$ cat work21.cif   # mmCIF, C-alpha atoms
data_protein
loop_
_atom_site.label_atom_id
_atom_site.label_comp_id
_atom_site.auth_asym_id
_atom_site.auth_seq_id
_atom_site.Cartn_x
_atom_site.Cartn_y
_atom_site.Cartn_z
CA MET A 145 -12.15 22.80 34.92
CA PRO A 146 -11.59 19.01 35.26
CA SER A 147 -11.25 17.57 38.73
CA LEU A 148 -8.20 15.76 40.04
CA LYS A 149 -9.97 12.43 39.57
CA ASP A 150 -10.71 13.24 35.93
CA LEU A 151 -7.08 14.15 35.32
CA ARG A 152 -5.86 10.94 37.00
CA ASN A 153 -8.20 8.86 34.86
CA ARG A 154 -7.08 10.68 31.71
CA ILE A 155 -3.39 10.14 32.54
CA ALA A 156 -4.00 6.43 33.19
CA SER A 157 -5.90 6.12 29.92
CA VAL A 158 -3.14 7.76 27.89
CA LYS A 159 -0.50 5.57 29.57
CA ALA A 160 -2.48 2.47 28.60
CA THR A 161 -2.72 3.73 25.03
CA ARG A 162 1.01 4.39 24.96
CA LYS A 163 1.69 0.79 25.94
CA ILE A 164 -0.46 -0.41 23.03
CA THR A 165 1.19 1.87 20.46
CA LYS A 166 4.64 0.89 21.71
CA ALA A 167 3.78 -2.79 21.40
CA MET A 168 2.40 -2.26 17.89
CA GLN A 169 5.58 -0.42 16.92
CA MET A 170 7.73 -3.32 18.08
CA VAL A 171 5.56 -5.88 16.26
CA ALA A 172 5.71 -3.82 13.04
CA ALA A 173 9.50 -3.56 13.36
CA ALA A 174 9.76 -7.35 13.66
CA LYS A 175 7.50 -7.93 10.64
CA LEU A 176 9.19 -5.21 8.59
CA ARG A 177 12.48 -7.05 8.29
CA ARG A 178 10.93 -10.17 6.76
CA ALA A 179 8.63 -8.15 4.50
CA GLN A 180 11.50 -5.94 3.32
CA GLU A 181 13.67 -8.95 2.53
CA ALA A 182 10.85 -10.54 0.52
CA ALA A 183 10.17 -7.32 -1.44
CA THR A 184 13.88 -6.80 -2.15
CA ALA A 185 14.28 -10.40 -3.33
CA ALA A 186 11.33 -10.10 -5.73
CA ARG A 187 12.59 -6.96 -7.49
CA PRO A 188 15.41 -8.56 -9.57
CA TYR A 189 13.06 -11.27 -10.84
CA ALA A 190 10.42 -8.75 -11.91
CA GLU A 191 13.02 -6.48 -13.51
CA ARG A 192 14.59 -9.38 -15.39
CA MET A 193 11.15 -10.45 -16.57
CA ASP A 194 10.64 -6.94 -17.99
CA LYS A 195 13.96 -7.10 -19.85
CA ILE A 196 13.21 -10.49 -21.39
CA LEU A 197 9.74 -9.39 -22.46
CA ALA A 198 11.15 -6.16 -23.88
CA ASN A 199 13.71 -8.14 -25.88
CA LEU A 200 11.09 -10.55 -27.22
CA GLY A 201 8.54 -7.79 -27.75
CA SER A 202 10.92 -5.75 -29.88
CA LYS A 203 11.18 -8.67 -32.33
CA ALA A 204 7.50 -9.59 -32.37
CA VAL A 205 5.30 -8.75 -35.32
CA ARG A 206 2.72 -6.23 -34.17
CA GLU A 207 -0.06 -7.71 -36.30
CA THR A 208 0.26 -11.19 -34.80
CA ALA A 209 1.50 -10.28 -31.31
CA SER A 210 -0.51 -11.13 -28.22
CA PRO A 211 -3.16 -8.58 -27.16
CA LEU A 212 -1.49 -8.60 -23.73
CA LEU A 213 1.44 -6.83 -25.42
CA VAL A 214 -0.16 -4.60 -28.04
CA GLY A 215 -3.67 -4.27 -26.59
CA ASN A 216 -6.97 -4.85 -28.34
CA GLY A 217 -6.90 -1.61 -30.28
CA LYS A 218 -9.26 0.22 -27.91
CA ASP A 219 -8.80 2.57 -24.97
CA GLN A 220 -12.31 3.08 -23.67
CA VAL A 221 -12.70 0.84 -20.61
CA HIS A 222 -10.04 1.08 -17.88
CA LEU A 223 -9.70 -1.36 -14.99
CA LEU A 224 -7.93 -0.03 -11.88
CA VAL A 225 -6.53 -2.72 -9.59
CA VAL A 226 -6.10 -0.98 -6.23
CA MET A 227 -4.08 -2.93 -3.65
CA THR A 228 -4.11 -1.77 -0.04
CA ALA A 229 -3.88 -3.27 3.44
CA GLU A 230 -6.52 -5.08 5.47
CA ARG A 231 -5.99 -2.92 8.55
CA GLY A 232 -5.47 0.72 9.38
CA LEU A 233 -3.27 2.42 11.98
CA CYS A 234 -0.49 2.79 9.41
CA GLY A 235 -0.47 6.52 8.75
CA GLY A 236 -1.31 7.62 5.23
CA PHE A 237 -0.36 4.32 3.59
CA ASN A 238 -3.86 3.29 2.50
CA SER A 239 -5.16 6.78 1.82
CA ASN A 240 -2.19 7.69 -0.40
CA ILE A 241 -2.76 4.70 -2.69
CA ALA A 242 -6.51 5.40 -2.82
CA LYS A 243 -5.80 9.09 -3.51
CA LEU A 244 -3.66 8.25 -6.54
CA ALA A 245 -6.25 5.80 -7.88
CA ARG A 246 -9.09 8.29 -7.27
CA ALA A 247 -7.23 11.05 -9.12
CA ASP A 248 -6.64 8.79 -12.15
CA ALA A 249 -10.24 7.56 -12.07
CA ASN A 250 -11.62 11.10 -12.02
CA ARG A 251 -9.29 12.09 -14.86
CA LEU A 252 -10.45 9.16 -16.98
CA LEU A 253 -14.12 9.80 -16.21
CA ALA A 254 -13.69 13.45 -17.16
CA ALA A 255 -12.24 12.29 -20.49
CA GLY A 256 -15.34 10.19 -21.18
CA LYS A 257 -13.77 6.82 -20.36
CA THR A 258 -15.43 3.97 -18.50
CA VAL A 259 -13.72 3.10 -15.21
CA LYS A 260 -13.95 -0.20 -13.36
CA ILE A 261 -12.21 -0.86 -10.05
CA LEU A 262 -11.01 -4.12 -8.54
CA THR A 263 -9.76 -3.79 -4.97
CA VAL A 264 -7.34 -6.13 -3.21
CA GLY A 265 -7.46 -5.41 0.52
CA ARG A 266 -10.35 -4.17 2.62
CA LYS A 267 -9.11 -0.60 3.12
CA GLY A 268 -9.03 0.13 -0.60
CA ALA A 269 -12.73 -0.58 -0.97
CA ASP A 270 -13.51 1.42 2.18
CA ASN A 271 -11.60 4.47 0.90
CA LEU A 272 -13.10 4.44 -2.60
CA ARG A 273 -16.64 3.37 -1.73
CA ARG A 274 -17.97 6.88 -1.07
CA ASP A 275 -16.88 8.50 -4.36
CA LEU A 276 -16.49 5.52 -6.69
CA GLY A 277 -18.62 2.83 -5.08
CA ARG A 278 -20.63 2.12 -8.21
CA ASN A 279 -17.40 1.61 -10.20
CA ILE A 280 -16.16 -1.22 -7.95
CA VAL A 281 -16.82 -4.45 -9.86
CA ASP A 282 -15.01 -6.87 -7.55
CA ARG A 283 -13.13 -6.90 -4.26
CA ARG A 284 -10.63 -9.36 -2.84
CA GLU A 285 -9.95 -9.36 0.89
CA LEU A 286 -6.88 -10.88 2.48
CA THR A 287 -8.37 -11.39 5.93
CA GLY A 288 -6.64 -14.22 7.72
CA VAL A 289 -3.67 -14.33 5.31
CA ARG A 290 -0.58 -14.55 7.48
CA GLN A 291 1.99 -14.55 4.69
CA ILE A 292 1.72 -13.26 1.13
CA GLY A 293 2.18 -16.11 -1.35
CA TYR A 294 2.38 -16.36 -5.12
CA LYS A 295 -0.95 -18.23 -5.17
CA ILE A 296 -2.77 -15.03 -4.16
CA ALA A 297 -1.20 -13.16 -7.07
CA GLU A 298 -2.09 -16.01 -9.44
CA ASP A 299 -5.73 -15.89 -8.39
CA VAL A 300 -5.93 -12.14 -9.04
CA ALA A 301 -4.06 -12.54 -12.35
CA ASP A 302 -6.43 -15.30 -13.49
CA LYS A 303 -9.35 -13.01 -12.72
CA LEU A 304 -7.80 -10.18 -14.76
CA LEU A 305 -6.97 -12.41 -17.72
CA ALA A 306 -10.48 -13.88 -17.73
CA MET A 307 -12.00 -10.39 -17.72
CA PHE A 308 -9.67 -9.28 -20.52
CA ASP A 309 -10.47 -12.32 -22.65
CA ALA A 310 -14.17 -11.60 -22.11
CA GLY A 311 -13.68 -8.04 -23.35
CA GLU A 312 -14.66 -6.43 -20.04
CA PHE A 313 -11.81 -3.88 -20.16
CA ASP A 314 -9.19 -2.53 -22.55
CA VAL A 315 -6.45 -1.26 -20.18
CA ALA A 316 -5.54 -2.49 -16.69
CA THR A 317 -3.44 -0.49 -14.23
CA LEU A 318 -2.06 -1.73 -10.92
CA TYR A 319 -1.84 0.58 -7.88
CA PHE A 320 0.42 -0.20 -4.94
CA SER A 321 3.00 1.47 -2.71
CA GLU A 322 6.66 0.95 -3.52
CA PHE A 323 8.84 0.53 -0.45
CA LYS A 324 11.69 3.05 -0.28
CA SER A 325 12.49 3.17 3.43
CA VAL A 326 10.79 3.06 6.81
CA ILE A 327 9.72 6.69 6.46
CA ALA A 328 9.21 6.78 2.67
CA GLN A 329 6.71 4.77 0.63
CA LYS A 330 5.86 5.84 -2.91
CA PRO A 331 2.34 5.26 -4.32
CA THR A 332 2.87 3.76 -7.77
CA ALA A 333 0.70 3.12 -10.83
CA LEU A 334 1.91 0.33 -13.14
CA GLN A 335 0.16 -0.52 -16.41
CA LEU A 336 -0.34 -4.28 -16.62
CA ILE A 337 -2.42 -4.76 -19.77
CA PRO A 338 -1.21 -4.03 -22.37
CA ALA A 339 2.24 -4.56 -20.86
CA LYS A 340 4.29 -1.39 -20.63
CA LEU A 341 7.81 -2.67 -21.14
CA PRO A 342 11.10 -0.77 -20.95
CA GLU A 343 12.83 0.29 -24.15
CA VAL A 344 15.52 -2.05 -25.43
CA ALA A 345 18.88 -0.26 -25.39
CA GLU A 346 20.74 -0.57 -28.67
CA SER A 347 24.42 -1.37 -28.31
CA LYS A 348 26.90 0.56 -30.43
CA ASP A 349 28.97 -2.57 -30.89
CA GLN A 350 26.51 -4.83 -32.70
CA GLY A 351 29.11 -7.58 -32.99
CA ALA A 352 29.29 -7.92 -29.20
CA GLN A 353 25.59 -8.69 -28.85
CA ALA A 354 24.65 -12.28 -28.05
CA ILE A 355 22.42 -14.14 -30.48
CA TYR A 356 19.62 -16.15 -28.89
CA GLU A 357 17.65 -18.96 -30.46
CA TYR A 358 14.22 -19.60 -29.01
CA GLU A 359 12.40 -22.91 -28.98
CA PRO A 360 9.60 -23.48 -29.90
CA ASP A 361 9.01 -19.93 -31.17
CA GLU A 362 9.55 -16.38 -29.98
CA GLU A 363 5.86 -15.44 -30.18
CA VAL A 364 4.78 -18.59 -28.32
CA ILE A 365 7.27 -17.91 -25.53
CA LEU A 366 6.25 -14.25 -25.45
CA SER A 367 2.56 -15.15 -25.13
CA THR A 368 3.32 -17.49 -22.21
CA LEU A 369 5.60 -15.02 -20.45
CA LEU A 370 3.09 -12.19 -20.81
CA LYS A 371 0.54 -14.14 -18.78
CA ARG A 372 3.16 -15.01 -16.20
CA ASN A 373 4.27 -11.36 -16.11
CA VAL A 374 0.80 -10.25 -14.95
CA ALA A 375 0.99 -12.56 -11.93
CA THR A 376 4.64 -11.62 -11.32
CA GLN A 377 3.95 -7.88 -11.23
CA ILE A 378 0.92 -8.39 -8.98
CA PHE A 379 3.02 -10.53 -6.64
CA ARG A 380 5.73 -7.87 -6.58
CA GLY A 381 3.10 -5.23 -5.77
CA LEU A 382 1.74 -7.34 -2.91
CA LEU A 383 5.23 -7.75 -1.43
CA GLU A 384 6.02 -4.05 -1.84
CA ASN A 385 2.71 -3.25 -0.14
CA ALA A 386 3.45 -5.60 2.75
CA ALA A 387 6.82 -3.94 3.41
CA SER A 388 5.39 -0.43 2.97
CA GLU A 389 2.51 -1.19 5.34
CA GLN A 390 4.81 -2.33 8.14
CA GLY A 391 7.16 0.61 7.60
CA ALA A 392 4.27 3.07 7.66
CA ARG A 393 2.78 1.42 10.75
CA MET A 394 6.11 1.50 12.53
CA SER A 395 6.50 5.22 11.85
CA ALA A 396 2.87 5.97 12.77
CA MET A 397 3.05 4.06 16.05
CA ASP A 398 6.38 5.71 16.92
CA ASN A 399 4.79 9.13 16.42
CA ALA A 400 1.75 8.06 18.43
CA THR A 401 3.96 6.86 21.29
CA ARG A 402 5.86 10.15 21.32
CA ASN A 403 2.63 12.16 21.25
CA ALA A 404 1.23 10.09 24.10
CA GLY A 405 4.34 10.81 26.16
CA ASP A 406 4.01 14.55 25.49
CA MET A 407 0.33 14.45 26.45
CA ILE A 408 1.14 12.61 29.69
CA ASN A 409 3.70 15.30 30.57
CA ARG A 410 1.21 18.09 29.91
CA LEU A 411 -1.54 16.37 31.89
CA THR A 412 0.86 15.68 34.77
CA ILE A 413 1.84 19.35 34.94
CA LYS A 414 -1.82 20.34 34.85
CA TYR A 415 -2.63 17.78 37.56
CA ASN A 416 0.16 19.05 39.85
CA ARG A 417 -0.93 22.65 39.39
CA GLN A 418 -4.54 21.77 40.13
CA ARG A 419 -3.53 19.77 43.21
CA GLN A 420 -1.32 22.61 44.44
CA ALA A 421 -4.16 25.09 43.95
CA ASN A 422 -6.55 22.86 45.92
CA ILE A 423 -4.05 22.50 48.77
CA THR A 424 -3.48 26.26 48.85
CA LYS A 425 -7.23 26.84 48.89
CA GLU A 426 -7.71 24.45 51.82
CA LEU A 427 -4.87 26.08 53.79
CA ILE A 428 -6.42 29.53 53.27
CA GLU A 429 -9.78 28.22 54.49
CA ILE A 430 -8.16 26.66 57.60
CA ILE A 431 -6.24 29.85 58.42
CA SER A 432 -9.29 32.00 57.84
CA GLY A 433 -11.35 29.80 60.16
CA ALA A 434 -8.68 29.86 62.86
CA GLU A 435 -8.46 33.66 62.73
CA ALA A 436 -12.22 33.94 62.98
CA LEU A 437 -12.12 32.06 66.28
#
$ encode --input "work21.cif" --output "structure tokens"
Amino acid sequence: MPSLKDLRNRIASVKATRKITKAMQMVAAAKLRRAQEAATAARPYAERMDKILANLGSKAVRETASPLLVGNGKDQVHLLVVMTAERGLCGGFNSNIAKLARADANRLLAAGKTVKILTVGRKGADNLRRDLGRNIVDRRELTGVRQIGYKIAEDVADKLLAMFDAGEFDVATLYFSEFKSVIAQKPTALQLIPAKLPEVAESKDQGAQAIYEYEPDEEVILSTLLKRNVATQIFRGLLENAASEQGARMSAMDNATRNAGDMINRLTIKYNRQRQANITKELIEIISGAEAL
């Protein structure tokens, strides 16, 4: 049975931990608002980019279209771009993304495919290193990055495009967590190369459709936009991840603060009972000694 001193030290330790988790919750709440606004602002641009590419892609000739749209005709080597956070203490945010990527990697390996992994964020490499360490071909860490910028997405996109041009993979899939709410983040897999575009809805009233003329040429514009789309989708994934990370950390630290409060209450009750038992024991010893005299 722990002594009163041990219980006092344990209570003081848990109270100190509760102060830390409460402070982290408040910091995450402050960062969440900016991250959520950035992620929400990026969604319309990415969605509009998909619609434009879908419109251009539906008119492109498959034989002469860019490989970024139709692929290189092979499906053997898959590159998984796994984006996670640099830090932990955010619940299951990192592990859920890694779990989805690991499941897809194991499925592809079982089908006889070659799997390569590129991680963006330290936690992704840490989670996948045990099972798929030999499949990790590159890792990008965001240590010291205070704010996610488009330049980071461009650097990752340039790396992907260079690898694709060199024939190092056939299909590239992006893994990130889509922000739904503070308590809900959805791990998402998005195929980047070849681009998986939405279907173009055909209007019943063909006469009401607008006619667009492209200059210099539809295929030239499509080829340029496809490269930009890779960076755009990566940037969107980074922003969604940033918002999801802060939301998950806020929820995790709130739960930790509540659990610390419950533990303090239980330890306090145990401490009071132990103290009362010690006082009762001392009184019995005093009375017994007085009666013996």
$ residues_around --input "work21.cif" --residues "region 267-275 of chain A" --least-positions-apart "6" --cutoff "7 Å" --atoms "all atoms listed in the file" --output "ChimeraX atom specification"
/A:226-231,238-239,242
$ write_last_selection --input "work21.cif" --atoms "C-alpha atoms" --output "mmCIF file, in the frame of the given file"
data_model
loop_
_atom_site.group_PDB
_atom_site.id
_atom_site.type_symbol
_atom_site.label_atom_id
_atom_site.label_comp_id
_atom_site.auth_asym_id
_atom_site.auth_seq_id
_atom_site.Cartn_x
_atom_site.Cartn_y
_atom_site.Cartn_z
ATOM 1 C CA VAL A 226 -6.100 -0.980 -6.230
ATOM 2 C CA MET A 227 -4.080 -2.930 -3.650
ATOM 3 C CA THR A 228 -4.110 -1.770 -0.040
ATOM 4 C CA ALA A 229 -3.880 -3.270 3.440
ATOM 5 C CA GLU A 230 -6.520 -5.080 5.470
ATOM 6 C CA ARG A 231 -5.990 -2.920 8.550
ATOM 7 C CA ASN A 238 -3.860 3.290 2.500
ATOM 8 C CA SER A 239 -5.160 6.780 1.820
ATOM 9 C CA ALA A 242 -6.510 5.400 -2.820
#
$ closest_residue --input "work21.cif" --among "A:Thr184, A:Asn373, A:Asn403, A:Gln420" --to "Ala297 (chain A)" --atoms "all atoms listed in the file"
A:Asn373
$ residues_around --input "work21.cif" --residues "Ile378 (chain A)" --least-positions-apart "5" --cutoff "8 Å" --atoms "all atoms listed in the file" --output "list in words"
Ala297, Val300, Ala301 and Leu318 of chain A
$ residues_near_point --input "work21.cif" --point "(4.8, 1.1, -5.7)" --cutoff "12 Å" --atoms "all atoms listed in the file" --output "PDB file with C-alpha atoms, in the coordinates of the input"
ATOM      1  CA  ALA A 183      10.170  -7.320  -1.440  1.00  0.00           C
ATOM      2  CA  ARG A 187      12.590  -6.960  -7.490  1.00  0.00           C
ATOM      3  CA  VAL A 226      -6.100  -0.980  -6.230  1.00  0.00           C
ATOM      4  CA  MET A 227      -4.080  -2.930  -3.650  1.00  0.00           C
ATOM      5  CA  THR A 228      -4.110  -1.770  -0.040  1.00  0.00           C
ATOM      6  CA  PHE A 237      -0.360   4.320   3.590  1.00  0.00           C
ATOM      7  CA  ASN A 240      -2.190   7.690  -0.400  1.00  0.00           C
ATOM      8  CA  ILE A 241      -2.760   4.700  -2.690  1.00  0.00           C
ATOM      9  CA  LEU A 244      -3.660   8.250  -6.540  1.00  0.00           C
ATOM     10  CA  THR A 317      -3.440  -0.490 -14.230  1.00  0.00           C
ATOM     11  CA  LEU A 318      -2.060  -1.730 -10.920  1.00  0.00           C
ATOM     12  CA  TYR A 319      -1.840   0.580  -7.880  1.00  0.00           C
ATOM     13  CA  PHE A 320       0.420  -0.200  -4.940  1.00  0.00           C
ATOM     14  CA  SER A 321       3.000   1.470  -2.710  1.00  0.00           C
ATOM     15  CA  GLU A 322       6.660   0.950  -3.520  1.00  0.00           C
ATOM     16  CA  PHE A 323       8.840   0.530  -0.450  1.00  0.00           C
ATOM     17  CA  LYS A 324      11.690   3.050  -0.280  1.00  0.00           C
ATOM     18  CA  ALA A 328       9.210   6.780   2.670  1.00  0.00           C
ATOM     19  CA  GLN A 329       6.710   4.770   0.630  1.00  0.00           C
ATOM     20  CA  LYS A 330       5.860   5.840  -2.910  1.00  0.00           C
ATOM     21  CA  PRO A 331       2.340   5.260  -4.320  1.00  0.00           C
ATOM     22  CA  THR A 332       2.870   3.760  -7.770  1.00  0.00           C
ATOM     23  CA  ALA A 333       0.700   3.120 -10.830  1.00  0.00           C
ATOM     24  CA  LEU A 334       1.910   0.330 -13.140  1.00  0.00           C
ATOM     25  CA  GLN A 335       0.160  -0.520 -16.410  1.00  0.00           C
ATOM     26  CA  GLN A 377       3.950  -7.880 -11.230  1.00  0.00           C
ATOM     27  CA  ILE A 378       0.920  -8.390  -8.980  1.00  0.00           C
ATOM     28  CA  PHE A 379       3.020 -10.530  -6.640  1.00  0.00           C
ATOM     29  CA  ARG A 380       5.730  -7.870  -6.580  1.00  0.00           C
ATOM     30  CA  GLY A 381       3.100  -5.230  -5.770  1.00  0.00           C
ATOM     31  CA  LEU A 382       1.740  -7.340  -2.910  1.00  0.00           C
ATOM     32  CA  LEU A 383       5.230  -7.750  -1.430  1.00  0.00           C
ATOM     33  CA  GLU A 384       6.020  -4.050  -1.840  1.00  0.00           C
ATOM     34  CA  ASN A 385       2.710  -3.250  -0.140  1.00  0.00           C
ATOM     35  CA  ALA A 386       3.450  -5.600   2.750  1.00  0.00           C
ATOM     36  CA  ALA A 387       6.820  -3.940   3.410  1.00  0.00           C
ATOM     37  CA  SER A 388       5.390  -0.430   2.970  1.00  0.00           C
ATOM     38  CA  GLU A 389       2.510  -1.190   5.340  1.00  0.00           C
TER      39      GLU A 389
END
$ resolve_selection --input "work21.cif" --expression "the PyMOL selection byres ((chain A and resi 258) around 8)" --output "list in words"
Gln220, Val221, His222, Leu252, Leu253, Gly256, Lys257, Val259 and Lys260 of chain A
$ closest_residue --input "work21.cif" --among "A:Ile413, A:Leu341, A:Leu366, A:Ile423" --to "Lys195 (chain A)" --atoms "all atoms listed in the file"
A:Leu341
$ closest_residue --input "work21.cif" --among "A:Ala160, A:Ala249, A:Leu223, A:Val171" --to "Thr263 (chain A)" --atoms "all atoms listed in the file"
A:Leu223
$ atom_distance --input "work21.cif" --atom1 "CA of Met145 (chain A)" --atom2 "CA of Lys414 (chain A)"
10.6 Å
$ resolve_selection --input "work21.cif" --expression "the PyMOL selection byres ((chain A and resi 287) around 12)" --output "list of chain:residue names"
A:Ala229, A:Glu230, A:Arg231, A:Val264, A:Gly265, A:Arg266, A:Lys267, A:Arg284, A:Glu285, A:Leu286, A:Gly288, A:Val289, A:Arg290, A:Gln291, A:Ile292
$ write_last_selection --input "work21.cif" --atoms "C-alpha atoms" --output "compact mmCIF listing (two decimals), in the coordinates of the input"
# COMPACT_ATOMS: atom_id res chain seq x y z
CA ALA A 229 -3.88 -3.27 3.44
CA GLU A 230 -6.52 -5.08 5.47
CA ARG A 231 -5.99 -2.92 8.55
CA VAL A 264 -7.34 -6.13 -3.21
CA GLY A 265 -7.46 -5.41 0.52
CA ARG A 266 -10.35 -4.17 2.62
CA LYS A 267 -9.11 -0.60 3.12
CA ARG A 284 -10.63 -9.36 -2.84
CA GLU A 285 -9.95 -9.36 0.89
CA LEU A 286 -6.88 -10.88 2.48
CA GLY A 288 -6.64 -14.22 7.72
CA VAL A 289 -3.67 -14.33 5.31
CA ARG A 290 -0.58 -14.55 7.48
CA GLN A 291 1.99 -14.55 4.69
CA ILE A 292 1.72 -13.26 1.13
$ resolve_selection --input "work21.cif" --expression "the PyMOL selection byres ((chain A and resi 327) around 7)" --output "ChimeraX atom specification"
/A:325-326,328-329,391-392,395
$ atom_distance --input "work21.cif" --atom1 "CA of Arg177 (chain A)" --atom2 "CA of Arg402 (chain A)"
22.6 Å
$ closest_residue --input "work21.cif" --among "A:Ile430, A:Thr401, A:Leu411, A:Leu369" --to "Leu148 (chain A)" --atoms "all atoms listed in the file"
A:Leu411
$ closest_residue --input "work21.cif" --among "A:Glu312, A:Thr161, A:Ala174, A:Lys303" --to "Arg283 (chain A)" --atoms "all atoms listed in the file"
A:Lys303
$ atom_distance --input "work21.cif" --atom1 "CA of Ala254 (chain A)" --atom2 "CA of Ala339 (chain A)"
24.3 Å
$ closest_residue --input "work21.cif" --among "A:Leu151, A:Cys234, A:Ala316, A:Met168" --to "Thr412 (chain A)" --atoms "all atoms listed in the file"
A:Leu151
